[in-house]
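The file query_35.cif contains mmCIF, C-alpha atoms:
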data_target
#
loop_
_atom_site.group_PDB
_atom_site.id
_atom_site.type_symbol
_atom_site.label_atom_id
_atom_site.label_comp_id
_atom_site.auth_asym_id
_atom_site.auth_seq_id
_atom_site.Cartn_x
_atom_site.Cartn_y
_atom_site.Cartn_z
ATOM 1 C CA MET A 1 136.462 173.494 118.081
ATOM 2 C CA TYR A 2 136.561 173.768 114.300
ATOM 3 C CA VAL A 3 139.325 172.059 112.360
ATOM 4 C CA MET A 4 140.228 172.255 108.672
ATOM 5 C CA LEU A 5 141.977 169.280 107.115
ATOM 6 C CA THR A 6 143.574 169.266 103.694
ATOM 7 C CA GLN A 7 144.761 165.984 102.292
ATOM 8 C CA LYS A 8 145.744 164.165 99.125
ATOM 9 C CA LEU A 9 143.982 160.952 98.110
ATOM 10 C CA SER A 10 145.036 158.076 95.857
ATOM 11 C CA LYS A 11 141.607 156.527 95.202
ATOM 12 C CA GLY A 12 139.411 159.594 94.747
ATOM 13 C CA PHE A 13 136.866 161.175 97.064
ATOM 14 C CA LYS A 14 134.161 158.472 96.909
ATOM 15 C CA SER A 15 136.411 155.857 98.526
ATOM 16 C CA TRP A 16 137.215 158.239 101.387
ATOM 17 C CA LYS A 17 133.553 159.241 101.764
ATOM 18 C CA ASP A 18 132.478 155.584 101.968
ATOM 19 C CA MET A 19 135.078 155.016 104.710
ATOM 20 C CA VAL A 20 133.680 157.936 106.715
ATOM 21 C CA HIS A 21 130.177 156.465 106.553
ATOM 22 C CA GLU A 22 131.546 153.082 107.704
ATOM 23 C CA ASN A 23 133.234 154.774 110.685
ATOM 24 C CA LYS A 24 130.321 156.962 111.798
ATOM 25 C CA HIS A 25 130.420 155.339 115.237
ATOM 26 C CA LYS A 26 134.021 156.466 115.747
ATOM 27 C CA LEU A 27 133.218 160.095 114.887
ATOM 28 C CA GLU A 28 130.274 159.992 117.268
ATOM 29 C CA GLY A 29 132.563 158.591 119.982
ATOM 30 C CA PHE A 30 135.004 161.443 119.418
ATOM 31 C CA LYS A 31 132.102 163.928 119.542
ATOM 32 C CA GLY A 32 133.098 165.017 116.059
ATOM 33 C CA ARG A 33 131.005 166.050 113.076
ATOM 34 C CA VAL A 34 131.886 166.646 109.448
ATOM 35 C CA ILE A 35 130.615 170.129 108.559
ATOM 36 C CA PHE A 36 131.883 169.930 104.977
ATOM 37 C CA ALA A 37 134.021 167.526 102.996
ATOM 38 C CA GLY A 38 134.707 167.615 99.298
ATOM 39 C CA SER A 39 137.323 167.264 96.632
ATOM 40 C CA HIS A 40 138.604 170.007 94.371
ATOM 41 C CA ALA A 41 136.513 170.380 91.210
ATOM 42 C CA GLU A 42 139.611 169.923 89.063
ATOM 43 C CA ASP A 43 141.269 167.168 91.177
ATOM 44 C CA ASP A 44 139.274 164.361 92.824
ATOM 45 C CA ASN A 45 142.426 163.386 94.743
ATOM 46 C CA SER A 46 142.739 166.701 96.626
ATOM 47 C CA MET A 47 140.255 167.318 99.414
ATOM 48 C CA VAL A 48 139.244 169.721 102.156
ATOM 49 C CA VAL A 49 137.332 168.785 105.311
ATOM 50 C CA ILE A 50 135.864 171.110 107.931
ATOM 51 C CA MET A 51 135.056 169.307 111.170
ATOM 52 C CA HIS A 52 133.764 170.318 114.567
ATOM 53 C CA TYR A 53 134.723 168.627 117.837
ATOM 54 C CA ASP A 54 133.074 169.334 121.158
ATOM 55 C CA ASP A 55 136.491 169.458 122.834
ATOM 56 C CA LYS A 56 140.220 169.012 122.303
ATOM 57 C CA GLU A 57 140.105 165.501 123.750
ATOM 58 C CA GLY A 58 137.856 164.377 120.889
ATOM 59 C CA LEU A 59 140.196 165.882 118.316
ATOM 60 C CA MET A 60 143.197 164.173 119.903
ATOM 61 C CA ALA A 61 141.334 160.846 120.075
ATOM 62 C CA PHE A 62 140.624 161.156 116.334
ATOM 63 C CA LYS A 63 144.220 162.087 115.571
ATOM 64 C CA ASN A 64 145.675 159.201 117.614
ATOM 65 C CA ASP A 65 143.242 156.410 116.618
ATOM 66 C CA GLU A 66 145.501 153.907 114.824
ATOM 67 C CA GLU A 67 142.576 151.768 113.618
ATOM 68 C CA LEU A 68 140.911 154.779 112.003
ATOM 69 C CA THR A 69 144.209 155.930 110.504
ATOM 70 C CA LYS A 70 144.601 152.499 108.896
ATOM 71 C CA ALA A 71 141.015 152.655 107.536
ATOM 72 C CA ARG A 72 141.714 156.126 106.125
ATOM 73 C CA GLN A 73 144.889 154.869 104.449
ATOM 74 C CA GLU A 74 143.110 151.832 102.997
ATOM 75 C CA ALA A 75 140.485 154.209 101.559
ATOM 76 C CA GLY A 76 143.245 156.104 99.756
ATOM 77 C CA ALA A 77 144.091 158.873 102.213
ATOM 78 C CA LEU A 78 147.748 159.805 101.897
ATOM 79 C CA THR A 79 147.985 160.609 105.584
ATOM 80 C CA GLU A 80 151.513 161.961 105.314
ATOM 81 C CA THR A 81 150.035 164.863 103.299
ATOM 82 C CA THR A 82 147.405 165.758 105.916
ATOM 83 C CA VAL A 83 147.543 169.326 107.185
ATOM 84 C CA MET A 84 145.333 170.013 110.221
ATOM 85 C CA THR A 85 144.538 173.626 111.107
ATOM 86 C CA VAL A 86 142.538 174.586 114.193
ATOM 87 C CA MET A 87 140.112 177.370 113.297
ATOM 88 C CA THR A 88 138.622 180.114 115.433
ATOM 89 C CA GLU A 89 135.249 179.620 117.110
ATOM 90 C CA ASP A 90 134.266 183.075 115.828
ATOM 91 C CA ALA A 91 132.911 181.630 112.587
ATOM 92 C CA LEU A 92 130.195 182.450 110.109
ATOM 93 C CA LEU A 93 127.983 179.407 109.460
ATOM 94 C CA ASN A 94 125.063 178.881 107.106
ATOM 95 C CA PHE A 95 124.633 182.566 106.273
ATOM 96 C CA PRO A 96 122.148 183.586 105.149
ATOM 97 C CA SER A 97 119.931 180.764 106.362
#
Mind turning the file's structure into structure tokens?
Amino acid sequence: MYVMLTQKLSKGFKSWKDMVHENKHKLEGFKGRVIFAGSHAEDDNSMVVIMHYDDKEGLMAFKNDEELTKARQEAGALTETTVMTVMTEDALLNFPS
């Protein structure tokens, strides 16, 4: 299942990106992968993330992990601004390859 997250940051994208690398083991445990993550060219404190989870249970585990939420907040994620949108599986990826 593909998920798009939009979120505001207070410490810029690098802080959030470093946190993701530090929590790689959690993403692997949730069977989740970051397909794309980046900040807006004009605003390093606005970001978009496209993730893929093998199943809904992994997504819910990510969403409900209080330790990870705290790490995200400490890295500058303004979690109250997070908008999570489940995307269709009928997607176009890496075209043309």
Running the PyMOL selection byres ((chain A and resi 15-30) around 12) on this model by hand, what would come out? Give it as a PyMOL selection string. chain A and resi 7-14+31-34+36-39+44-49+51-79
Taking the file as I've supplied it (selection: the PyMOL selection byres ((chain A and resi 93) around 12)), which residues are included? Please answer as a list in words.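 Residues picked by the PyMOL selection byres ((chain A and resi 93) around 12): Tyr2, Ile35, Phe36, Ile50, His52, Glu89, Asp90, Ala91, Leu92, Asn94, Phe95, Pro96 and Ser97 of chain A.
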Please write out, as AutoDock Vina command-line options, where the centre of an axis-aligned box around all listed atoms of range 41-56 of chain A lies and how long its edges are, in Å to one decimal, after adding 6 Å on each side.
--center_x 137.9 --center_y 167.2 --center_z 105.9 --size_x 21.7 --size_y 19.7 --size_z 45.8
